[in-house]
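J.: Take a look at final11.cif, mmCIF, C-alpha atoms:
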```
data_protein
#
loop_
_atom_site.group_PDB
_atom_site.id
_atom_site.type_symbol
_atom_site.label_atom_id
_atom_site.label_comp_id
_atom_site.auth_asym_id
_atom_site.auth_seq_id
_atom_site.Cartn_x
_atom_site.Cartn_y
_atom_site.Cartn_z
ATOM 1 C CA MET A 1 218.688 83.267 61.755
ATOM 2 C CA MET A 2 219.331 86.618 60.176
ATOM 3 C CA GLU A 3 219.120 88.657 63.388
ATOM 4 C CA CYS A 4 222.143 87.990 65.620
ATOM 5 C CA ARG A 5 223.300 89.177 69.058
ATOM 6 C CA GLN A 6 226.220 88.651 71.402
ATOM 7 C CA PRO A 7 225.072 86.906 74.636
ATOM 8 C CA GLU A 8 225.035 90.052 76.791
ATOM 9 C CA HIS A 9 222.667 91.728 74.278
ATOM 10 C CA TYR A 10 220.371 88.741 73.929
ATOM 11 C CA GLY A 11 216.887 88.960 75.386
ATOM 12 C CA GLY A 12 214.509 86.094 74.877
ATOM 13 C CA GLY A 13 211.123 87.625 75.636
ATOM 14 C CA ARG A 14 210.640 89.505 72.369
ATOM 15 C CA PRO A 15 208.335 88.411 69.539
ATOM 16 C CA GLU A 16 211.329 88.233 67.180
ATOM 17 C CA THR A 17 214.083 86.523 69.146
ATOM 18 C CA PRO A 18 217.565 86.713 67.570
ATOM 19 C CA ALA A 19 220.254 84.042 67.489
ATOM 20 C CA VAL A 20 223.258 84.164 69.819
ATOM 21 C CA GLY A 21 226.539 84.570 67.930
ATOM 22 C CA THR A 22 227.676 86.444 64.849
ATOM 23 C CA LYS A 23 226.104 86.415 61.405
ATOM 24 C CA ALA A 24 229.213 84.641 60.042
ATOM 25 C CA SER A 25 228.724 81.886 62.653
ATOM 26 C CA GLN A 26 225.084 81.477 61.599
ATOM 27 C CA LEU A 27 226.174 81.004 57.968
ATOM 28 C CA ALA A 28 228.897 78.553 59.023
ATOM 29 C CA GLN A 29 226.361 76.407 60.887
ATOM 30 C CA ILE A 30 224.536 75.693 57.604
ATOM 31 C CA VAL A 31 227.733 74.015 56.347
ATOM 32 C CA ALA A 32 229.084 72.561 59.601
ATOM 33 C CA PHE A 33 225.968 70.763 60.850
ATOM 34 C CA GLU A 34 224.874 67.661 58.965
ATOM 35 C CA SER A 35 221.234 67.593 57.938
ATOM 36 C CA GLY A 36 219.298 65.902 55.153
ATOM 37 C CA ILE A 37 216.950 68.881 55.193
ATOM 38 C CA GLN A 38 218.181 72.405 55.803
ATOM 39 C CA MET A 39 215.807 74.697 57.636
ATOM 40 C CA LEU A 40 215.999 78.468 57.727
ATOM 41 C CA ALA A 41 214.301 79.588 60.927
ATOM 42 C CA ASP A 42 213.399 83.217 60.483
ATOM 43 C CA ASN A 43 210.861 85.483 58.857
ATOM 44 C CA PRO A 44 211.323 84.975 55.076
ATOM 45 C CA CYS A 45 211.468 88.725 54.393
ATOM 46 C CA ARG A 46 214.575 88.981 56.607
ATOM 47 C CA TYR A 47 216.525 86.821 54.167
ATOM 48 C CA ASP A 48 215.721 89.294 51.387
ATOM 49 C CA MET A 49 217.361 92.030 53.483
ATOM 50 C CA TYR A 50 220.673 90.151 53.124
ATOM 51 C CA PRO A 51 220.649 88.721 49.570
ATOM 52 C CA ASP A 52 224.317 87.680 49.704
ATOM 53 C CA CYS A 53 223.678 85.597 52.835
ATOM 54 C CA ARG A 54 220.413 84.198 51.438
ATOM 55 C CA ASP A 55 222.066 83.151 48.182
ATOM 56 C CA PHE A 56 224.948 81.490 50.059
ATOM 57 C CA MET A 57 222.575 79.530 52.332
ATOM 58 C CA CYS A 58 220.331 78.459 49.455
ATOM 59 C CA GLY A 59 223.356 77.124 47.560
ATOM 60 C CA VAL A 60 224.709 74.901 50.335
ATOM 61 C CA PRO A 61 224.129 71.216 49.497
ATOM 62 C CA VAL A 62 222.564 68.759 51.941
ATOM 63 C CA ASP A 63 224.934 65.897 51.127
ATOM 64 C CA TRP A 64 228.700 65.820 50.760
ATOM 65 C CA ASP A 65 231.289 63.842 48.795
ATOM 66 C CA ASP A 66 234.215 64.616 51.108
ATOM 67 C CA THR A 67 234.797 66.149 54.543
ATOM 68 C CA LYS A 68 238.106 67.280 56.052
ATOM 69 C CA VAL A 69 238.631 68.774 59.491
ATOM 70 C CA LEU A 70 241.126 71.602 58.926
ATOM 71 C CA ALA A 71 241.587 72.757 62.520
ATOM 72 C CA ALA A 72 239.886 72.024 65.827
ATOM 73 C CA GLU A 73 240.310 72.102 69.554
ATOM 74 C CA MET A 74 237.616 70.515 71.726
ATOM 75 C CA GLY A 75 235.340 73.163 73.208
ATOM 76 C CA GLU A 76 237.292 75.978 71.564
ATOM 77 C CA TYR A 77 236.830 76.049 67.774
ATOM 78 C CA TYR A 78 236.109 73.874 64.745
ATOM 79 C CA VAL A 79 236.981 74.477 61.087
ATOM 80 C CA VAL A 80 235.873 71.975 58.459
ATOM 81 C CA ALA A 81 236.015 71.785 54.646
ATOM 82 C CA LYS A 82 233.292 69.906 52.782
ATOM 83 C CA ARG A 83 233.078 69.115 49.088
ATOM 84 C CA SER A 84 230.041 68.522 46.920
ATOM 85 C CA GLY A 85 230.925 67.824 43.298
ATOM 86 C CA GLY A 86 233.583 70.344 42.301
ATOM 87 C CA THR A 87 232.724 72.930 44.960
ATOM 88 C CA TRP A 88 234.284 73.177 48.421
ATOM 89 C CA TYR A 89 232.765 74.901 51.447
ATOM 90 C CA ILE A 90 234.574 75.928 54.627
ATOM 91 C CA ALA A 91 232.823 76.428 57.958
ATOM 92 C CA GLY A 92 234.462 77.780 61.096
ATOM 93 C CA LEU A 93 232.757 78.002 64.495
ATOM 94 C CA ASN A 94 234.305 79.626 67.534
ATOM 95 C CA ASN A 95 233.668 79.838 71.282
ATOM 96 C CA SER A 96 233.814 83.015 73.388
ATOM 97 C CA THR A 97 237.538 83.681 72.813
ATOM 98 C CA PRO A 98 238.446 85.625 69.644
ATOM 99 C CA ARG A 99 241.140 83.874 67.617
ATOM 100 C CA ASP A 100 243.036 83.606 64.355
ATOM 101 C CA VAL A 101 243.334 80.184 62.740
ATOM 102 C CA THR A 102 245.710 79.420 59.864
ATOM 103 C CA LEU A 103 244.423 76.861 57.369
ATOM 104 C CA ASP A 104 246.436 74.706 54.970
ATOM 105 C CA MET A 105 244.579 74.882 51.647
ATOM 106 C CA SER A 106 246.301 71.805 50.137
ATOM 107 C CA PHE A 107 243.010 69.877 50.328
ATOM 108 C CA LEU A 108 242.003 71.781 47.157
ATOM 109 C CA GLY A 109 244.537 69.888 45.048
ATOM 110 C CA GLY A 110 247.237 71.470 42.927
ATOM 111 C CA GLY A 111 247.375 73.033 39.545
ATOM 112 C CA ARG A 112 244.622 75.630 39.562
ATOM 113 C CA THR A 113 243.305 78.822 41.068
ATOM 114 C CA TRP A 114 239.933 78.812 42.809
ATOM 115 C CA ASN A 115 237.391 81.619 43.301
ATOM 116 C CA MET A 116 236.451 82.019 46.955
ATOM 117 C CA SER A 117 233.427 83.832 48.370
ATOM 118 C CA SER A 118 233.889 84.321 52.141
ATOM 119 C CA PHE A 119 231.702 85.597 54.955
ATOM 120 C CA ILE A 120 233.824 86.902 57.806
ATOM 121 C CA ASP A 121 233.185 88.521 61.154
ATOM 122 C CA GLY A 122 233.296 92.283 60.734
ATOM 123 C CA PRO A 123 235.559 94.583 62.747
ATOM 124 C CA VAL A 124 232.918 95.294 65.414
ATOM 125 C CA ALA A 125 231.351 91.803 65.549
ATOM 126 C CA GLU A 126 232.758 91.433 69.080
ATOM 127 C CA ASP A 127 230.033 93.871 70.176
ATOM 128 C CA ILE A 128 227.576 94.009 67.273
ATOM 129 C CA ALA A 129 227.085 90.434 66.112
ATOM 130 C CA MET A 130 225.344 91.548 62.905
ATOM 131 C CA ASP A 131 228.629 92.984 61.561
ATOM 132 C CA TYR A 132 229.998 90.835 58.756
ATOM 133 C CA ARG A 133 231.911 91.247 55.504
ATOM 134 C CA HIS A 134 231.386 89.392 52.236
ATOM 135 C CA VAL A 135 234.756 89.098 50.484
ATOM 136 C CA GLU A 136 235.548 87.749 47.007
ATOM 137 C CA SER A 137 239.107 86.459 46.495
ATOM 138 C CA LYS A 138 241.220 83.781 44.846
ATOM 139 C CA THR A 139 243.082 80.902 46.470
ATOM 140 C CA SER A 140 245.068 77.791 45.564
ATOM 141 C CA ALA A 141 246.305 74.586 47.163
ATOM 142 C CA SER A 142 249.768 76.077 47.693
ATOM 143 C CA GLU A 143 248.457 78.856 49.957
ATOM 144 C CA THR A 144 247.591 79.149 53.611
ATOM 145 C CA LEU A 145 244.566 81.120 54.727
ATOM 146 C CA THR A 146 244.416 82.864 58.082
ATOM 147 C CA ILE A 147 240.866 83.489 59.280
ATOM 148 C CA HIS A 148 239.828 85.618 62.219
ATOM 149 C CA MET A 149 236.806 84.556 64.219
ATOM 150 C CA ALA A 150 235.312 86.966 66.751
ATOM 151 C CA ARG A 151 234.042 85.708 70.093
ATOM 152 C CA ASN A 152 230.985 83.542 69.390
ATOM 153 C CA GLY A 153 231.932 84.064 65.764
ATOM 154 C CA GLY A 154 232.567 82.111 62.650
ATOM 155 C CA TYR A 155 233.678 81.919 59.075
ATOM 156 C CA ALA A 156 231.924 80.565 55.986
ATOM 157 C CA ALA A 157 233.195 80.234 52.424
ATOM 158 C CA GLU A 158 232.303 78.724 49.078
ATOM 159 C CA ILE A 159 235.251 77.796 46.849
ATOM 160 C CA ARG A 160 234.650 77.181 43.118
#
```
What would you get if you wrote out this structure as structure tokens?
T.:
Amino acid sequence: MMECRQPEHYGGGRPETPAVGTKASQLAQIVAFESGIQMLADNPCRYDMYPDCRDFMCGVPVDWDDTKVLAAEMGEYYVVAKRSGGTWYIAGLNNSTPRDVTLDMSFLGGGRTWNMSSFIDGPVAEDIAMDYRHVESKTSASETLTIHMARNGGYAAEIR
């Protein structure tokens, strides 16, 4: 869903009902949840309002060659890396407690630098769930990556 709200701002009776959680968490769900068919449940014109999000979602594969849980605590948060061919994806999903999670990037394998396109919870995502940032960066297997997930937030990345 492209329209997102924090739980206290959610109201179900409208013709266009938003999703609960941040936009970054919605993008992460496309990677985190296994499905042979991905479904985007929103008005198609809404995806065109966020072309970076649309392009990310449309590029996520439906089958994976490798899956690694990077960090998790039952009922708290879940961060997973999935590989399809030579491309890795990271998905992070969080409960109602904001948190920072440090990830060991050694799963990428040594000897090269990777381009990473990340979708992160924005600075006011705690209140306005639509707030996100799309960040381009580089990473390698020798690095650690600390991600911040807002309450009901998430993190999504494509690593090439």
J.: Would you please work out which residue, of A:Asp48, A:Ala157, A:Ile30, A:Asp131, is nearest to Trp88 in chain A when using only C-alpha atoms?
T.: A:Ala157
J.: Using only C-alpha atoms, which residue out of A:Pro51, A:Gly59, A:Pro123, A:Gly153 lies closest to Tyr89 in chain A?
T.: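 With only C-alpha atoms as the atom set, the closest residue is A:Gly59.
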J.: Go ahead and find all residues with at least one atom no further than 12 Å from (236.3, 78.9, 69.0) in the file's coordinates, using only C-alpha atoms; report them as a VMD selection string.
T.: chain A and resid 21 25 71 to 79 91 to 101 147 to 155
J.: Got time to write the residues from that selection, C-alpha atoms, as a tab-separated table (two decimals), in the coordinates of the input?
T.:
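Output saved as again39.tsv:
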```
chain	number	residue	atom	x	y	z
A	21	GLY	CA	226.54	84.57	67.93
A	25	SER	CA	228.72	81.89	62.65
A	71	ALA	CA	241.59	72.76	62.52
A	72	ALA	CA	239.89	72.02	65.83
A	73	GLU	CA	240.31	72.10	69.55
A	74	MET	CA	237.62	70.52	71.73
A	75	GLY	CA	235.34	73.16	73.21
A	76	GLU	CA	237.29	75.98	71.56
A	77	TYR	CA	236.83	76.05	67.77
A	78	TYR	CA	236.11	73.87	64.74
A	79	VAL	CA	236.98	74.48	61.09
A	91	ALA	CA	232.82	76.43	57.96
A	92	GLY	CA	234.46	77.78	61.10
A	93	LEU	CA	232.76	78.00	64.50
A	94	ASN	CA	234.30	79.63	67.53
A	95	ASN	CA	233.67	79.84	71.28
A	96	SER	CA	233.81	83.02	73.39
A	97	THR	CA	237.54	83.68	72.81
A	98	PRO	CA	238.45	85.62	69.64
A	99	ARG	CA	241.14	83.87	67.62
A	100	ASP	CA	243.04	83.61	64.36
A	101	VAL	CA	243.33	80.18	62.74
A	147	ILE	CA	240.87	83.49	59.28
A	148	HIS	CA	239.83	85.62	62.22
A	149	MET	CA	236.81	84.56	64.22
A	150	ALA	CA	235.31	86.97	66.75
A	151	ARG	CA	234.04	85.71	70.09
A	152	ASN	CA	230.98	83.54	69.39
A	153	GLY	CA	231.93	84.06	65.76
A	154	GLY	CA	232.57	82.11	62.65
A	155	TYR	CA	233.68	81.92	59.08
```
J.: Can you work out which one of A:Val135, A:Glu34, A:Ser142, A:Glu3 has the shortest atom-to-atom distance to Leu103 in chain A, counting only C-alpha atoms?
T.: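 Distance minimum relative to Leu103 in chain A lands on A:Ser142.
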J.: What is the CA of Ile159 in chain A-CA of Ile128 in chain A distance in Å, reported with one decimal?
T.: 27.2 Å
J.: Need the shell around Arg160 in chain A: protein/DNA/RNA residues with any atom at most 12 Å away, counting only C-alpha atoms. Skip same-chain ones fewer than 2 positions apart. Format as a count of residues only?
T.: 23
J.: Interatomic distance between CA of Leu27 in chain A and CA of Gly110 in chain A?
T.: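 CA of Leu27 in chain A sits 27.6 Å away from CA of Gly110 in chain A.
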